[in-house]
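Colleague: Pasting in a structure now, in structure tokens, and then I'll have a few things to ask.
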Amino acid sequence: MRTRTEAVAAAHHSTKGYKAISKQFEVHHTTVGKIIHKWKIFKTAASLPGNGHPSKFNPRTDRAVSRETAKSEI
């Protein structure tokens, strides 16, 4: 038995358009696009693990640390 994502990918492979697939499966056309994009890259649409531990710093603190290290080097 196929999952919905596999069925969407198969429908796309059979040259159906995003709008036709979205009507067939009753999902938004952007959802179909995201499923197909993920299918083309990873050959699966399942949720994949992230790539490591999340950073403790956000961009603002990164800049602050960079400024402080630049000051101390001078």
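Residues are named by chain letter and number: chains run A, B, ... in the order of the structure tokens, numbers start at 1 in each chain, and ligands are numbered from 1 in the order shown.
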With a distance cut-off of 12 Å and only C-alpha atoms, select the neighbouring residues of Ala45 (chain A), excluding the residue or stretch itself and same-chain residues fewer than 2 positions from it, and output the selection as a ChimeraX atom specification.
Modeller: /A:3-9,31-43,47-48
Colleague: Between CA of Ala10 (chain A) and CA of Glu26 (chain A), what is the distance, to one decimal in Å?
Modeller: 15.8 Å
